[in-house]
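Below: my_file24.txt (compact mmCIF, C-alpha atoms)
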```txt
# COMPACT_ATOMS: atom_id res chain seq x y z
CA MET O 1 0.00 0.00 0.00
CA THR O 2 2.77 2.41 0.87
CA THR O 3 4.46 1.71 -2.48
CA PHE O 4 1.18 2.53 -4.20
CA ILE O 5 1.01 5.80 -2.27
CA ALA O 6 4.62 6.60 -3.20
CA VAL O 7 3.75 6.00 -6.88
CA LEU O 8 0.74 8.32 -6.58
CA TYR O 9 2.98 10.97 -5.02
CA ILE O 10 5.43 10.65 -7.92
CA ILE O 11 2.57 11.08 -10.40
CA ALA O 12 1.46 14.14 -8.41
CA PHE O 13 4.95 15.75 -8.56
CA SER O 14 5.18 15.10 -12.26
CA LEU O 15 1.84 16.83 -12.76
CA PHE O 16 2.95 19.78 -10.58
CA ILE O 17 6.12 20.24 -12.63
CA TYR O 18 4.35 19.76 -15.96
CA GLY O 19 1.59 22.12 -14.86
CA LEU O 20 4.09 24.79 -13.80
CA MET O 21 5.88 24.50 -17.13
CA GLY O 22 2.50 25.07 -18.77
CA LEU O 23 1.86 28.12 -16.60
CA THR O 24 4.94 29.86 -18.02
CA GLY O 25 3.49 29.99 -21.54
CA PRO O 26 0.43 32.02 -22.60
CA ARG O 27 -1.14 29.22 -24.66
CA THR O 28 -0.62 26.41 -22.18
CA ALA O 29 -1.29 28.37 -18.99
CA VAL O 30 -4.96 27.45 -18.43
CA ARG O 31 -4.30 23.78 -19.02
CA GLY O 32 -1.15 23.93 -16.86
CA ASN O 33 -3.14 25.27 -13.94
CA TRP O 34 -5.65 22.42 -14.12
CA ILE O 35 -2.90 19.82 -14.55
CA ALA O 36 -1.35 21.06 -11.30
CA ALA O 37 -4.79 20.94 -9.66
CA VAL O 38 -5.23 17.30 -10.72
CA GLY O 39 -1.79 16.60 -9.23
CA MET O 40 -2.97 18.15 -5.97
CA ALA O 41 -6.13 16.02 -5.94
CA ILE O 42 -4.02 12.89 -6.45
CA ALA O 43 -1.66 13.92 -3.63
CA VAL O 44 -4.60 14.46 -1.25
CA ILE O 45 -6.23 11.12 -2.14
CA ALA O 46 -2.90 9.30 -1.78
CA THR O 47 -2.45 10.78 1.70
CA LEU O 48 -5.94 9.72 2.76
CA LEU O 49 -5.01 6.14 1.74
CA LEU O 50 -2.14 6.03 4.27
CA PRO O 51 -2.50 3.00 6.56
CA GLY O 52 -3.83 3.86 10.01
CA MET O 53 -5.66 7.04 9.06
CA GLY O 54 -8.45 7.99 11.44
CA ASN O 55 -10.31 11.02 12.77
CA TRP O 56 -12.30 10.94 9.52
CA TRP O 57 -15.08 13.21 10.72
CA LEU O 58 -12.66 15.92 11.75
CA ILE O 59 -10.75 15.59 8.47
CA ALA O 60 -14.02 15.89 6.55
CA LEU O 61 -14.99 18.89 8.69
CA GLY O 62 -11.72 20.68 7.86
CA LEU O 63 -12.00 19.90 4.15
CA VAL O 64 -15.64 21.03 3.99
CA ILE O 65 -14.99 24.29 5.88
CA GLY O 66 -12.05 25.01 3.58
CA THR O 67 -14.08 24.35 0.44
CA VAL O 68 -17.12 26.29 1.61
CA VAL O 69 -14.95 29.31 2.41
CA GLY O 70 -12.48 29.01 -0.46
CA VAL O 71 -14.73 28.43 -3.47
CA PRO O 72 -17.06 31.45 -3.08
CA ALA O 73 -14.11 33.65 -2.07
CA ALA O 74 -12.33 32.75 -5.31
CA ARG O 75 -15.48 32.91 -7.46
CA ARG O 76 -16.87 36.22 -6.22
CA VAL O 77 -13.70 38.25 -5.89
CA LYS O 78 -13.58 41.18 -8.29
CA MET O 79 -10.92 41.08 -10.97
CA THR O 80 -9.32 44.18 -9.49
CA ALA O 81 -9.13 42.54 -6.08
CA MET O 82 -7.23 39.46 -7.30
CA PRO O 83 -3.79 40.35 -5.85
CA GLN O 84 -5.07 40.72 -2.31
CA MET O 85 -7.00 37.45 -2.67
CA VAL O 86 -3.76 35.71 -3.63
CA ALA O 87 -2.16 37.32 -0.56
CA LEU O 88 -4.95 35.95 1.61
CA PHE O 89 -4.71 32.42 0.15
CA ASN O 90 -0.94 32.55 0.60
CA GLY O 91 -1.40 33.69 4.17
CA VAL O 92 -3.70 30.84 5.18
CA GLY O 93 -1.17 28.38 3.72
CA GLY O 94 1.52 29.85 5.97
CA GLY O 95 -0.92 29.82 8.87
CA ALA O 96 -1.61 26.12 8.29
CA VAL O 97 2.14 25.38 8.45
CA ALA O 98 2.51 27.34 11.70
CA LEU O 99 -0.48 25.54 13.28
CA ILE O 100 0.79 22.09 12.25
CA ALA O 101 4.22 22.92 13.70
CA TRP O 102 2.54 24.02 16.93
CA VAL O 103 0.62 20.73 17.19
CA GLU O 104 3.80 18.79 16.36
CA PHE O 105 5.44 20.55 19.30
CA ARG O 106 2.51 19.71 21.59
CA THR O 107 2.18 16.06 20.60
CA THR O 108 5.91 15.32 20.92
CA ASP O 109 6.42 17.05 24.31
CA GLY O 110 8.54 19.73 22.71
CA TYR O 111 10.31 17.30 20.34
CA ALA O 112 11.60 15.41 23.40
CA HIS O 113 11.97 12.07 21.62
CA GLU O 114 12.54 13.35 18.08
CA PRO O 115 15.87 13.71 16.26
CA LEU O 116 17.30 17.24 16.37
CA TYR O 117 16.67 17.81 12.66
CA VAL O 118 12.93 17.30 13.17
CA ALA O 119 12.91 20.00 15.84
CA ILE O 120 14.95 22.39 13.67
CA ALA O 121 12.84 21.84 10.55
CA SER O 122 9.58 22.14 12.46
CA LEU O 123 10.67 25.31 14.28
CA PHE O 124 11.87 26.83 11.01
CA ALA O 125 8.48 26.01 9.52
CA ALA O 126 6.72 27.57 12.52
CA ILE O 127 8.69 30.84 12.26
CA VAL O 128 8.46 31.23 8.47
CA GLY O 129 4.82 30.12 8.41
CA SER O 130 3.86 32.67 11.04
CA VAL O 131 5.81 35.46 9.27
CA SER O 132 4.05 34.54 6.03
CA PHE O 133 0.58 34.40 7.59
CA TRP O 134 0.78 37.80 9.28
CA GLY O 135 2.79 39.45 6.53
CA SER O 136 0.25 38.30 3.93
CA ASN O 137 -2.62 39.53 6.07
CA VAL O 138 -1.03 42.98 6.29
CA ALA O 139 -0.50 42.90 2.51
CA PHE O 140 -4.17 41.98 2.10
CA GLY O 141 -5.22 44.77 4.47
CA LYS O 142 -3.17 47.32 2.55
CA LEU O 143 -4.43 46.31 -0.91
CA GLN O 144 -8.02 46.05 0.35
CA GLU O 145 -7.54 49.53 1.85
CA LEU O 146 -8.37 48.30 5.34
CA LEU O 147 -4.95 49.66 6.24
CA PRO O 148 -3.36 52.80 4.78
CA GLY O 149 -1.59 51.91 1.54
CA LYS O 150 1.29 54.25 2.14
CA PRO O 151 4.31 53.07 4.13
CA ILE O 152 3.86 53.03 7.89
CA THR O 153 7.21 53.26 9.64
CA LEU O 154 8.54 53.73 13.14
CA GLY O 155 11.42 55.83 11.86
CA LYS O 156 14.84 54.92 13.16
CA ALA O 157 13.50 52.42 15.69
CA GLN O 158 12.17 50.18 12.90
CA GLN O 159 15.30 48.31 11.90
CA PRO O 160 16.68 47.57 15.40
CA LEU O 161 13.19 46.48 16.49
CA ASN O 162 12.87 44.07 13.54
CA ILE O 163 16.30 42.60 14.25
CA LEU O 164 15.35 42.25 17.92
CA LEU O 165 12.13 40.40 17.01
CA VAL O 166 13.96 38.02 14.66
CA LEU O 167 16.54 37.38 17.40
CA ALA O 168 13.75 36.73 19.92
CA ALA O 169 12.18 34.12 17.62
CA VAL O 170 15.56 32.45 16.99
CA VAL O 171 16.46 32.43 20.71
CA LEU O 172 13.12 30.82 21.57
CA ALA O 173 13.70 28.24 18.82
CA VAL O 174 17.15 27.44 20.28
CA VAL O 175 15.68 27.09 23.79
CA ILE O 176 13.04 24.67 22.43
CA ALA O 177 15.57 22.67 20.41
CA ALA O 178 17.76 22.45 23.54
CA GLY O 179 14.92 20.76 25.41
CA GLY O 180 12.42 23.43 26.46
CA SER O 181 8.92 21.98 26.30
CA SER O 182 6.65 24.67 27.78
CA ASP O 183 3.76 25.60 25.51
CA TRP O 184 4.54 29.28 26.15
CA LEU O 185 7.89 28.96 24.41
CA ILE O 186 6.32 28.06 21.07
CA ILE O 187 3.48 30.55 21.54
CA GLY O 188 6.11 33.23 22.18
CA LEU O 189 7.98 32.08 19.07
CA LEU O 190 4.85 32.27 16.92
CA ILE O 191 4.03 35.74 18.28
CA ALA O 192 7.57 37.04 17.72
CA ALA O 193 7.47 35.71 14.14
CA ALA O 194 4.00 37.23 13.66
CA LEU O 195 5.32 40.65 14.73
CA VAL O 196 8.22 40.27 12.29
CA GLY O 197 5.72 39.63 9.49
CA VAL O 198 3.62 42.66 10.43
CA MET O 199 6.56 45.00 11.01
CA VAL O 200 8.35 44.09 7.79
CA VAL O 201 5.32 44.49 5.50
CA LEU O 202 3.79 47.61 7.12
CA PRO O 203 6.55 49.96 5.87
CA ILE O 204 6.17 48.76 2.27
CA GLY O 205 4.13 50.87 -0.13
CA GLY O 206 1.10 49.49 -1.99
CA ALA O 207 2.80 49.64 -5.40
CA ASP O 208 5.48 47.20 -4.27
CA MET O 209 2.93 44.80 -2.77
CA PRO O 210 2.77 42.24 -5.63
CA VAL O 211 6.51 41.63 -5.29
CA VAL O 212 6.13 41.27 -1.52
CA ILE O 213 3.27 38.80 -1.94
CA SER O 214 5.42 36.80 -4.34
CA LEU O 215 8.26 36.83 -1.78
CA LEU O 216 5.90 35.65 0.99
CA ASN O 217 4.64 32.99 -1.44
CA ALA O 218 8.19 31.66 -1.80
CA PHE O 219 8.51 31.77 2.01
CA THR O 220 5.38 29.68 2.50
CA GLY O 221 6.78 27.16 0.00
CA LEU O 222 10.00 26.92 1.99
CA SER O 223 8.09 26.47 5.24
CA ALA O 224 6.03 23.69 3.63
CA ALA O 225 9.27 22.00 2.53
CA ALA O 226 10.65 22.28 6.08
CA MET O 227 7.42 20.81 7.42
CA GLY O 228 7.91 17.94 4.96
CA LEU O 229 11.37 17.27 6.41
CA ALA O 230 9.92 17.24 9.92
CA LEU O 231 7.02 14.93 8.98
CA ASP O 232 9.16 12.83 6.62
CA ASN O 233 6.69 13.41 3.79
CA THR O 234 8.18 13.57 0.28
CA ALA O 235 5.15 15.29 -1.26
CA LEU O 236 5.52 18.26 1.08
CA ILE O 237 9.28 18.44 0.53
CA VAL O 238 9.06 18.36 -3.27
CA ALA O 239 6.05 20.64 -3.79
CA GLY O 240 7.15 23.07 -1.07
CA MET O 241 10.69 23.33 -2.40
CA ILE O 242 9.56 23.74 -6.02
CA VAL O 243 7.40 26.67 -4.91
CA GLY O 244 10.19 28.02 -2.72
CA ALA O 245 12.67 27.98 -5.60
CA SER O 246 10.38 29.04 -8.44
CA GLY O 247 8.81 31.68 -6.17
CA SER O 248 12.22 33.20 -5.46
CA ILE O 249 13.05 33.40 -9.18
CA LEU O 250 9.60 34.81 -9.93
CA THR O 251 9.96 37.43 -7.19
CA ASN O 252 13.21 38.51 -8.79
CA LEU O 253 11.62 38.67 -12.27
CA MET O 254 8.69 40.72 -10.95
CA ALA O 255 11.02 43.15 -9.18
CA LYS O 256 13.09 43.53 -12.36
CA ALA O 257 9.97 44.13 -14.46
CA MET O 258 9.13 47.02 -12.11
CA ASN O 259 12.74 48.31 -12.13
CA ARG O 260 13.04 47.60 -8.42
CA SER O 261 15.41 45.42 -6.46
CA ILE O 262 14.16 43.06 -3.76
CA PRO O 263 16.48 44.44 -1.04
CA ALA O 264 15.32 47.97 -1.92
CA ILE O 265 11.67 46.93 -1.60
CA VAL O 266 12.07 45.05 1.67
CA ALA O 267 14.40 47.65 3.15
CA GLY O 268 12.63 50.58 1.52
CA GLY O 269 10.63 51.57 4.56
CA PHE O 270 13.45 51.00 6.99
CA GLY O 271 14.60 54.16 8.72
CA GLY O 272 11.76 56.08 7.12
CA GLY O 273 13.71 56.45 3.87
CA GLY O 274 11.87 58.28 1.09
CA ALA O 275 12.94 55.54 -1.29
CA SER O 276 10.11 53.23 -0.28
CA GLY O 277 8.02 52.77 -3.29
CA GLY O 278 4.95 54.09 -4.83
CA GLY O 279 2.87 54.97 -1.81
CA GLY O 280 -0.19 52.98 -2.92
CA MET I 1 16.26 9.14 6.12
CA LEU I 2 17.46 12.72 6.57
CA VAL I 3 20.07 12.43 3.81
CA GLU I 4 17.50 11.08 1.35
CA SER I 5 15.08 13.86 2.26
CA LEU I 6 17.78 16.49 1.83
CA ALA I 7 18.71 15.03 -1.57
CA VAL I 8 15.07 15.28 -2.63
CA LEU I 9 14.93 18.83 -1.24
CA VAL I 10 17.96 20.00 -3.21
CA LEU I 11 16.82 18.36 -6.45
CA ALA I 12 13.32 19.83 -6.10
CA GLY I 13 14.96 23.22 -5.60
CA PHE I 14 16.80 22.89 -8.90
CA VAL I 15 13.61 21.82 -10.66
CA GLY I 16 11.90 24.92 -9.27
CA PHE I 17 14.73 27.16 -10.50
CA THR I 18 14.76 25.58 -13.94
CA VAL I 19 11.02 25.55 -14.61
CA ILE I 20 10.81 29.32 -14.25
CA SER I 21 13.34 30.70 -16.69
CA LYS I 22 11.49 32.73 -19.28
CA VAL I 23 8.09 34.05 -18.29
CA PRO I 24 6.34 36.87 -20.12
CA ASN I 25 5.55 39.78 -17.77
CA THR I 26 1.80 39.36 -18.17
CA LEU I 27 2.01 35.84 -16.77
CA HIS I 28 3.87 36.84 -13.58
CA THR I 29 0.75 37.23 -11.44
CA PRO I 30 -1.04 34.05 -12.64
CA LEU I 31 2.18 32.08 -12.18
CA MET I 32 2.56 33.45 -8.66
CA SER I 33 -1.05 32.49 -8.01
CA GLY I 34 -0.48 28.99 -9.43
CA THR I 35 2.60 28.32 -7.31
CA ASN I 36 0.64 29.76 -4.39
CA ALA I 37 -2.00 27.06 -4.91
CA ILE I 38 0.68 24.37 -5.05
CA HIS I 39 2.09 25.21 -1.62
CA GLY I 40 -1.40 24.44 -0.35
CA ILE I 41 0.17 20.97 -0.26
CA VAL I 42 0.62 21.78 3.46
CA LEU I 43 -2.92 20.44 3.63
CA LEU I 44 -1.30 16.97 3.52
CA GLY I 45 0.67 17.82 6.69
CA GLY I 46 -2.60 18.54 8.50
CA LEU I 47 -4.17 15.34 7.17
CA ILE I 48 -1.20 13.22 8.28
CA VAL I 49 -0.89 14.67 11.79
CA LEU I 50 -4.65 14.57 12.44
CA GLY I 51 -5.29 11.25 10.65
CA LEU I 52 -2.44 9.33 12.23
CA GLY I 53 -3.65 10.24 15.68
CA ALA I 54 -3.70 13.54 17.51
CA ASP I 55 -5.19 13.56 20.99
CA GLY I 56 -6.53 16.47 22.96
CA VAL I 57 -9.24 18.96 22.10
CA LEU I 58 -6.90 21.88 21.43
CA ASN I 59 -4.69 19.79 19.11
CA LYS I 60 -7.73 18.64 17.16
CA ILE I 61 -9.15 22.16 16.86
CA LEU I 62 -5.79 23.52 15.66
CA LEU I 63 -5.49 20.74 13.07
CA VAL I 64 -9.03 21.17 11.75
CA ILE I 65 -8.24 24.88 11.31
CA ALA I 66 -4.95 23.94 9.61
CA ILE I 67 -6.75 21.57 7.21
CA ALA I 68 -9.40 24.22 6.49
CA PHE I 69 -6.64 26.79 5.84
CA GLY I 70 -4.78 24.37 3.56
CA THR I 71 -7.98 23.58 1.64
CA ILE I 72 -8.74 27.29 1.19
CA ASN I 73 -5.18 27.73 -0.12
CA VAL I 74 -5.55 24.87 -2.64
CA VAL I 75 -9.13 25.34 -3.83
CA GLY I 76 -9.08 29.13 -3.81
CA GLY I 77 -5.62 29.26 -5.34
CA PHE I 78 -6.42 27.14 -8.38
CA LEU I 79 -9.81 28.80 -8.97
CA VAL I 80 -8.39 32.33 -8.76
CA THR I 81 -5.55 31.39 -11.12
CA ASP I 82 -8.09 30.03 -13.58
CA ARG I 83 -10.11 33.24 -13.43
CA MET I 84 -7.00 35.35 -13.97
CA LEU I 85 -6.04 33.29 -17.00
CA ALA I 86 -9.58 33.50 -18.37
CA MET I 87 -9.14 37.28 -18.28
CA PHE I 88 -6.08 36.95 -20.52
CA LYS I 89 -7.89 34.66 -22.90
CA GLU I 90 -10.66 37.18 -23.46
CA LYS I 91 -8.27 39.90 -24.58
CA PRO I 92 -7.46 38.52 -28.04
CA LYS I 93 -11.17 37.88 -28.61
CA GLU I 94 -12.02 41.48 -27.76
CA LYS I 95 -9.30 42.69 -30.07
CA ALA I 96 -10.60 40.46 -32.81
CA ALA I 97 -14.13 41.76 -32.19
CA LYS I 98 -12.95 45.38 -32.35
CA GLU I 99 -11.07 44.73 -35.53
CA ALA I 100 -14.15 43.07 -36.97
CA ASP I 101 -16.16 46.21 -36.08
CA LYS I 102 -13.71 48.39 -37.97
```

Once more with this new file: its structure as structure tokens, please.
Amino acid sequence: MTTFIAVLYIIAFSLFIYGLMGLTGPRTAVRGNWIAAVGMAIAVIATLLLPGMGNWWLIALGLVIGTVVGVPAARRVKMTAMPQMVALFNGVGGGAVALIAWVEFRTTDGYAHEPLYVAIASLFAAIVGSVSFWGSNVAFGKLQELLPGKPITLGKAQQPLNILLVLAAVVLAVVIAAGGSSDWLIIGLLIAAALVGVMVVLPIGGADMPVVISLLNAFTGLSAAAMGLALDNTALIVAGMIVGASGSILTNLMAKAMNRSIPAIVAGGFGGGGASGGGG
Amino acid sequence: MLVESLAVLVLAGFVGFTVISKVPNTLHTPLMSGTNAIHGIVLLGGLIVLGLGADGVLNKILLVIAIAFGTINVVGGFLVTDRMLAMFKEKPKEKAAKEADK
């Protein structure tokens, strides 16, 4: 049975890659998107066939809620509101990674009996997933004009504060990897990462947002790949890493097309510099 | 196990780099949206952790939310990409229609 599942996973990856290749060409793009979607359906079915699966009602509940929310959201969104919708979908993906990492932490007593690499990969996934979730939500808020589109900065305090928050998340991760198992440690880590996501995206102007969403998209891919390492699941590793890599390239292409550089966009709001782009 | 996983990780990274080499500017956003849908694969992580046994009410609630989030990412991602691409498909038709009017 597990061999059969592995074969289904391999078919799924092939369809992802073939679909992505299709998405890079104008004539093949529509078909490419659906090929990738079929790959995803196969990957989900294969996972449900794993021996020992249970909690079927809860799984069904999650899938139904996701479908009921996701389908109308995608169908009804106005064409002009597409970018923020992508930001939102990207955000929930990152949020899912962060939540899974949190539960991993809880069910393994803080990775007490797991190899070190599982702890590291899972904590990496938790941090990046949380950054992506909150960063994407801020991007959504800005594009949806729930938040002011122009850069919001704290002036000179911004950069040291961001560095401090990143350090806080990393220190908490080290404490957990070294054996800390209190639930508050991972909650603190998720909150620190959440603040990083909010603080980094807030100073970025609305015009630069698509590039930022693409960057966060690559981040979510990387966090999914890390989660795959922690859960020893090849499908997550392959699909997550493909998105992580292709997303990074795409981010670079998008920045170039707008005559901007990624460091300039991400750092643009730092220190209240006038260079930060566009102002929504 | 770790070495095999890392090998897969590195190779998948190269595939990702190679697939996206030349993309016309107009396809940047749909491609971003398409890759966005693919990382909804995290849904599988939720399925595995919940399906292979998670105890405790809080754990179960968190995982149901995670699965719902993952499903929104997948379903919404592919549908939005399709709608974006449909928008591109209509353009040539409109042009053709305008030219026909002239």

> Taking (-7.6, 31.9, -17.8) in the file's coordinates as the center, which residues reach within 9 Å of it, counting all atoms listed in the file, put as a ChimeraX atom specification?
Replying inline: /O:29-31,33 /I:30,81-90

Take the residues that were just selected and, keeping C-alpha atoms, output them as an mmCIF file, keeping the file's coordinate frame.
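Okay, again.cif is ready:
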```
data_model
loop_
_atom_site.group_PDB
_atom_site.id
_atom_site.type_symbol
_atom_site.label_atom_id
_atom_site.label_comp_id
_atom_site.auth_asym_id
_atom_site.auth_seq_id
_atom_site.Cartn_x
_atom_site.Cartn_y
_atom_site.Cartn_z
ATOM 1 C CA ALA O 29 -1.290 28.370 -18.990
ATOM 2 C CA VAL O 30 -4.960 27.450 -18.430
ATOM 3 C CA ARG O 31 -4.300 23.780 -19.020
ATOM 4 C CA ASN O 33 -3.140 25.270 -13.940
ATOM 5 C CA PRO I 30 -1.040 34.050 -12.640
ATOM 6 C CA THR I 81 -5.550 31.390 -11.120
ATOM 7 C CA ASP I 82 -8.090 30.030 -13.580
ATOM 8 C CA ARG I 83 -10.110 33.240 -13.430
ATOM 9 C CA MET I 84 -7.000 35.350 -13.970
ATOM 10 C CA LEU I 85 -6.040 33.290 -17.000
ATOM 11 C CA ALA I 86 -9.580 33.500 -18.370
ATOM 12 C CA MET I 87 -9.140 37.280 -18.280
ATOM 13 C CA PHE I 88 -6.080 36.950 -20.520
ATOM 14 C CA LYS I 89 -7.890 34.660 -22.900
ATOM 15 C CA GLU I 90 -10.660 37.180 -23.460
#
```

> Pick the closest to Thr108 (chain O) from I:Leu27, I:Val19, I:Leu43, I:Val49: which is it, counting only C-alpha atoms?
Replying inline: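 Looking only at the distances to Thr108 (chain O), the closest residue turns out to be I:Val49.
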
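Straight-line separation from CA of Ile5 (chain O) to CA of Gly94 (chain O): 25.4 Å.
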
> Pick the closest to chain I from O:Met1, O:Ile213, O:Ala245, O:Leu189: which is it, counting all atoms listed in the file?
Replying inline: O:Ala245

>> Just checking: using only C-alpha atoms, which residue out of I:Thr18, I:Thr71, I:Thr29, I:Val10 ends up closest to chain O?
In response: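 Of the candidates, the smallest distance to chain O is held by I:Thr71.
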
> Any idea what's packed within 6 Å of region 221-224 of chain O, counting only C-alpha atoms, ignoring anything in its chain fewer than 6 positions away? Could you give it as a list in words?
Replying inline: Ala125, Val128, Gly129, Gly240, Met241, Val243 and Gly244 of chain O; His39 and Val42 of chain I

> What is the distance, in Å and to one decimal place, between CA of Ala225 (chain O) and CA of Tyr117 (chain O)?
Replying inline: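 Distance reported for this atom pair: 13.2 Å.
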
> Around (-1.9, 7.7, -9.3) in the file's own coordinates, what residues are found within 10 Å if you use all atoms listed in the file, given back as a list in words?
Replying inline: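 Answer for this query, in the requested form: Phe4, Ile5, Ala6, Val7, Leu8, Tyr9, Ile10, Ile11, Ala12, Gly39, Ala41, Ile42, Ala43, Ile45 and Ala46 of chain O.
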
Find the smallest box with edges along x, y and z containing every listed atom of region 77-91 of chain I, then add 5 Å on each side and report centre and edge lengths in Å to one decimal, as lines of an AutoDock Vina configuration file.
```
center_x = -8.1
center_y = 33.5
center_z = -15.0
size_x = 15.1
size_y = 22.8
size_z = 29.2
```

>> Report, in Å to a single decimal, how far apart CA of Gly76 (chain I) and CA of Leu62 (chain I) are.
In response: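 According to the coordinates, CA of Leu62 (chain I) and CA of Gly76 (chain I) are separated by 20.5 Å.
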
Selection near Ala119 (chain O), 10 Å with only C-alpha atoms, sequence-local residues under 2 positions removed, as a PDB file with C-alpha atoms, in the frame of the given file:
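around-v8.pdb, freshly written:
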```pdb
ATOM      1  CA  ALA O 101       4.220  22.920  13.700  1.00  0.00           C
ATOM      2  CA  GLU O 104       3.800  18.790  16.360  1.00  0.00           C
ATOM      3  CA  PHE O 105       5.440  20.550  19.300  1.00  0.00           C
ATOM      4  CA  THR O 108       5.910  15.320  20.920  1.00  0.00           C
ATOM      5  CA  GLY O 110       8.540  19.730  22.710  1.00  0.00           C
ATOM      6  CA  TYR O 111      10.310  17.300  20.340  1.00  0.00           C
ATOM      7  CA  ALA O 112      11.600  15.410  23.400  1.00  0.00           C
ATOM      8  CA  HIS O 113      11.970  12.070  21.620  1.00  0.00           C
ATOM      9  CA  GLU O 114      12.540  13.350  18.080  1.00  0.00           C
ATOM     10  CA  PRO O 115      15.870  13.710  16.260  1.00  0.00           C
ATOM     11  CA  LEU O 116      17.300  17.240  16.370  1.00  0.00           C
ATOM     12  CA  TYR O 117      16.670  17.810  12.660  1.00  0.00           C
ATOM     13  CA  ALA O 121      12.840  21.840  10.550  1.00  0.00           C
ATOM     14  CA  SER O 122       9.580  22.140  12.460  1.00  0.00           C
ATOM     15  CA  LEU O 123      10.670  25.310  14.280  1.00  0.00           C
ATOM     16  CA  PHE O 124      11.870  26.830  11.010  1.00  0.00           C
ATOM     17  CA  ALA O 125       8.480  26.010   9.520  1.00  0.00           C
ATOM     18  CA  ALA O 173      13.700  28.240  18.820  1.00  0.00           C
ATOM     19  CA  VAL O 174      17.150  27.440  20.280  1.00  0.00           C
ATOM     20  CA  ILE O 176      13.040  24.670  22.430  1.00  0.00           C
ATOM     21  CA  ALA O 177      15.570  22.670  20.410  1.00  0.00           C
ATOM     22  CA  ALA O 178      17.760  22.450  23.540  1.00  0.00           C
ATOM     23  CA  GLY O 179      14.920  20.760  25.410  1.00  0.00           C
ATOM     24  CA  LEU O 229      11.370  17.270   6.410  1.00  0.00           C
ATOM     25  CA  ALA O 230       9.920  17.240   9.920  1.00  0.00           C
TER      26      ALA O 230
END
```
